[in-house]
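Take a look at the structure below.
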Amino acid sequence: MLQKILLIAVLSGFTPVWAVPAVQPDPLAPVRAEFMQALEGVPRGLPSDDDSEALRAYVLYPYLQAERLQQQLALPLVQDISDVAAGAFLTEHGDAPWARGLRATWLRQLAKRGEWMPFLAHYRDAQADVGLRCDQLNALIATGPDASLIRPALEIWRTGAELPESCASVFDWLMTQNALGPEQIAARTRLALE
């Protein structure tokens, strides 16, 4: 009888208590909780000096560092320190996913200030939106314009969508180069109407 009950239990998917493996505690739970607490503290400007060794070794720690640097970039009083820290972080982490948001934020700030050399050193075309591409063209125009810039500027021009303010100076430069004639203006107008 007991054999029949066990056979029915096994066939129905029942697993006896003695066959269930013991649940192992999550060894990363404490560092994960510390990470979440530190991440939640970023908008409040909580200090980062007291990060534990475990948190510094945690695989997601670069995301936390990038968030902290973005927070620093919003503070005008520490601009020089933030620029150095952002540049060092981007040099160390390259094109890693956690560096992308920081790169875009910092590049926009550098462009607003007209700091073209660090902008060009850290600009990545593959990660740039149209606003940053216009900023890059502005940087290249400011540091030594040449006719090779007309083609990429016209590629941005050929859209019907509204473009960021940073593109206006690129288009002004195109006008001075006699690269925006009636044909290009009519083509853009058609795209806008479509």
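Labels for the structure tokens follow display order: chains A, B, ..., residues from 1 in each chain, ligands from 1.
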
Inset, instruction - Output as an NGL selection string all residues of segment 23-115 of chain A that backbone DSSP marks as helix (DSSP H, G or I). - result: :A and (29-41 or 53-57 or 61-73 or 76-93 or 97-113)

How close does each residue of segment 32-120 of chain A get to segment 129-151 of chain A, giving the shortest atom pair and distance in Å to one decimal for every residue with an atom at most 10 Å away, counting only C-alpha atoms, sorted by chain and residue number, as CSV?
```
residue,atom,partner,partner_atom,distance
A:Ala104,CA,A:Leu132,CA,7.7
A:Thr105,CA,A:Leu132,CA,10.0
A:Leu107,CA,A:Leu132,CA,7.6
A:Arg108,CA,A:Leu132,CA,7.0
A:Leu110,CA,A:Asp135,CA,9.4
A:Ala111,CA,A:Asp135,CA,6.2
A:Lys112,CA,A:Asp135,CA,8.8
A:Gly114,CA,A:Ala139,CA,7.7
A:Glu115,CA,A:Ala139,CA,8.3
A:Trp116,CA,A:Ala139,CA,5.2
A:Met117,CA,A:Ala139,CA,7.9
A:Phe119,CA,A:Ala139,CA,7.7
A:Leu120,CA,A:Gln136,CA,6.9
```

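For the pair atom CA of Pro62 of chain A and atom CA of Thr91 of chain A, the interatomic distance is 12.9 Å.
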
Legend entry - Atom pair atom CA of Val170 of chain A / atom CA of Ala153 of chain A: separation (Å): 6.8 Å

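Using only C-alpha atoms, the shortest contact distance between Arg44 of chain A and any of A:Arg124, A:Asp172, A:Arg68, A:Ala186 is found at A:Arg68.
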
Inset, instruction - Name all residues at most 12 Å from Leu191 of chain A (count only C-alpha atoms; drop same-chain ones fewer than 4 positions away) and give them as number ranges by chain. - result: A: 157-162, 184-187

Inset, instruction - Pick out the residues sitting within 12 Å of Gly41 of chain A, and hand them over as a PyMOL selection string; count only C-alpha atoms, and ignore anything fewer than 6 positions along from it in its own chain. - result: chain A and resi 34-35+47-48+64+67-68+71

Inset, instruction - In Å, rounded to a single decimal, give me how far atom CA of Leu60 of chain A is from atom CA of Pro25 of chain A. - result: 20.3 Å

Inset, instruction - Using only C-alpha atoms, pick whichever of A:Leu163, A:Leu102, A:Ala33, A:Ala74 has the shortest atom-to-atom distance to Ala86 of chain A. - result: A:Leu102

Legend entry - Distance query Tyr58 of chain A at most 10 Å, only C-alpha atoms, self and fewer than 3 positions along chain excluded, as an MDAnalysis selection string: chainID A and resid 28 31:32 35 52:55 61:62

Would you output that residue set with all heavy atoms, as a PDB file, in the first residue's frame?
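File produced: selection-v6.pdb:
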```
ATOM      1  N   LEU A  28      25.116  37.520  -1.664  1.00  0.00           N
ATOM      2  CA  LEU A  28      25.194  38.909  -2.131  1.00  0.00           C
ATOM      3  C   LEU A  28      24.101  39.803  -1.566  1.00  0.00           C
ATOM      4  O   LEU A  28      24.078  40.999  -1.861  1.00  0.00           O
ATOM      5  CB  LEU A  28      25.142  38.948  -3.661  1.00  0.00           C
ATOM      6  CG  LEU A  28      26.328  38.338  -4.395  1.00  0.00           C
ATOM      7  CD1 LEU A  28      26.101  38.375  -5.895  1.00  0.00           C
ATOM      8  CD2 LEU A  28      27.614  39.059  -4.032  1.00  0.00           C
ATOM      9  N   VAL A  31      25.400  43.085   0.289  1.00  0.00           N
ATOM     10  CA  VAL A  31      26.003  44.094  -0.595  1.00  0.00           C
ATOM     11  C   VAL A  31      24.956  44.660  -1.551  1.00  0.00           C
ATOM     12  O   VAL A  31      24.994  45.842  -1.902  1.00  0.00           O
ATOM     13  CB  VAL A  31      27.238  43.543  -1.337  1.00  0.00           C
ATOM     14  CG1 VAL A  31      26.860  42.555  -2.424  1.00  0.00           C
ATOM     15  CG2 VAL A  31      28.063  44.681  -1.927  1.00  0.00           C
ATOM     16  N   ARG A  32      24.002  43.835  -1.949  1.00  0.00           N
ATOM     17  CA  ARG A  32      22.920  44.325  -2.809  1.00  0.00           C
ATOM     18  C   ARG A  32      22.090  45.363  -2.051  1.00  0.00           C
ATOM     19  O   ARG A  32      21.729  46.409  -2.612  1.00  0.00           O
ATOM     20  CB  ARG A  32      22.049  43.156  -3.268  1.00  0.00           C
ATOM     21  CG  ARG A  32      21.108  43.506  -4.386  1.00  0.00           C
ATOM     22  CD  ARG A  32      20.323  42.307  -4.919  1.00  0.00           C
ATOM     23  NE  ARG A  32      21.206  41.300  -5.506  1.00  0.00           N
ATOM     24  CZ  ARG A  32      21.371  40.065  -5.034  1.00  0.00           C
ATOM     25  NH1 ARG A  32      20.705  39.668  -3.971  1.00  0.00           N
ATOM     26  NH2 ARG A  32      22.173  39.213  -5.627  1.00  0.00           N
ATOM     27  N   PHE A  35      24.106  48.537  -1.847  1.00  0.00           N
ATOM     28  CA  PHE A  35      24.092  49.192  -3.149  1.00  0.00           C
ATOM     29  C   PHE A  35      22.798  49.988  -3.335  1.00  0.00           C
ATOM     30  O   PHE A  35      22.828  51.154  -3.742  1.00  0.00           O
ATOM     31  CB  PHE A  35      24.251  48.154  -4.264  1.00  0.00           C
ATOM     32  CG  PHE A  35      24.098  48.720  -5.649  1.00  0.00           C
ATOM     33  CD1 PHE A  35      25.158  49.370  -6.255  1.00  0.00           C
ATOM     34  CD2 PHE A  35      22.893  48.608  -6.331  1.00  0.00           C
ATOM     35  CE1 PHE A  35      25.018  49.899  -7.539  1.00  0.00           C
ATOM     36  CE2 PHE A  35      22.751  49.129  -7.599  1.00  0.00           C
ATOM     37  CZ  PHE A  35      23.816  49.779  -8.206  1.00  0.00           C
ATOM     38  N   SER A  52      31.733  50.316   1.623  1.00  0.00           N
ATOM     39  CA  SER A  52      32.477  49.151   2.099  1.00  0.00           C
ATOM     40  C   SER A  52      33.313  48.548   0.976  1.00  0.00           C
ATOM     41  O   SER A  52      33.088  48.822  -0.206  1.00  0.00           O
ATOM     42  CB  SER A  52      31.499  48.091   2.634  1.00  0.00           C
ATOM     43  OG  SER A  52      30.783  47.519   1.553  1.00  0.00           O
ATOM     44  N   GLU A  53      34.257  47.715   1.352  1.00  0.00           N
ATOM     45  CA  GLU A  53      35.073  47.013   0.357  1.00  0.00           C
ATOM     46  C   GLU A  53      34.191  46.105  -0.504  1.00  0.00           C
ATOM     47  O   GLU A  53      34.417  45.977  -1.708  1.00  0.00           O
ATOM     48  CB  GLU A  53      36.174  46.189   1.041  1.00  0.00           C
ATOM     49  CG  GLU A  53      37.296  47.028   1.604  1.00  0.00           C
ATOM     50  CD  GLU A  53      38.034  47.825   0.530  1.00  0.00           C
ATOM     51  OE1 GLU A  53      38.317  47.278  -0.548  1.00  0.00           O
ATOM     52  OE2 GLU A  53      38.310  49.013   0.775  1.00  0.00           O
ATOM     53  N   ALA A  54      33.197  45.488   0.127  1.00  0.00           N
ATOM     54  CA  ALA A  54      32.292  44.602  -0.611  1.00  0.00           C
ATOM     55  C   ALA A  54      31.523  45.388  -1.672  1.00  0.00           C
ATOM     56  O   ALA A  54      31.364  44.920  -2.800  1.00  0.00           O
ATOM     57  CB  ALA A  54      31.320  43.914   0.347  1.00  0.00           C
ATOM     58  N   LEU A  55      31.078  46.606  -1.311  1.00  0.00           N
ATOM     59  CA  LEU A  55      30.354  47.428  -2.275  1.00  0.00           C
ATOM     60  C   LEU A  55      31.280  47.858  -3.409  1.00  0.00           C
ATOM     61  O   LEU A  55      30.897  47.822  -4.578  1.00  0.00           O
ATOM     62  CB  LEU A  55      29.746  48.661  -1.599  1.00  0.00           C
ATOM     63  CG  LEU A  55      28.956  49.604  -2.506  1.00  0.00           C
ATOM     64  CD1 LEU A  55      27.818  48.865  -3.201  1.00  0.00           C
ATOM     65  CD2 LEU A  55      28.430  50.784  -1.711  1.00  0.00           C
ATOM     66  N   TYR A  61      28.904  48.380  -9.033  1.00  0.00           N
ATOM     67  CA  TYR A  61      29.467  49.587  -8.427  1.00  0.00           C
ATOM     68  C   TYR A  61      29.738  50.700  -9.445  1.00  0.00           C
ATOM     69  O   TYR A  61      29.493  51.875  -9.142  1.00  0.00           O
ATOM     70  CB  TYR A  61      30.734  49.242  -7.634  1.00  0.00           C
ATOM     71  CG  TYR A  61      31.249  50.381  -6.795  1.00  0.00           C
ATOM     72  CD1 TYR A  61      30.511  50.857  -5.718  1.00  0.00           C
ATOM     73  CD2 TYR A  61      32.470  50.978  -7.071  1.00  0.00           C
ATOM     74  CE1 TYR A  61      30.980  51.901  -4.939  1.00  0.00           C
ATOM     75  CE2 TYR A  61      32.948  52.022  -6.303  1.00  0.00           C
ATOM     76  CZ  TYR A  61      32.198  52.481  -5.240  1.00  0.00           C
ATOM     77  OH  TYR A  61      32.655  53.525  -4.466  1.00  0.00           O
ATOM     78  N   PRO A  62      30.219  50.395 -10.670  1.00  0.00           N
ATOM     79  CA  PRO A  62      30.424  51.490 -11.642  1.00  0.00           C
ATOM     80  C   PRO A  62      29.144  52.270 -11.960  1.00  0.00           C
ATOM     81  O   PRO A  62      29.200  53.465 -12.222  1.00  0.00           O
ATOM     82  CB  PRO A  62      30.958  50.776 -12.881  1.00  0.00           C
ATOM     83  CG  PRO A  62      31.603  49.539 -12.353  1.00  0.00           C
ATOM     84  CD  PRO A  62      30.757  49.130 -11.176  1.00  0.00           C
TER      85      PRO A  62
END
```
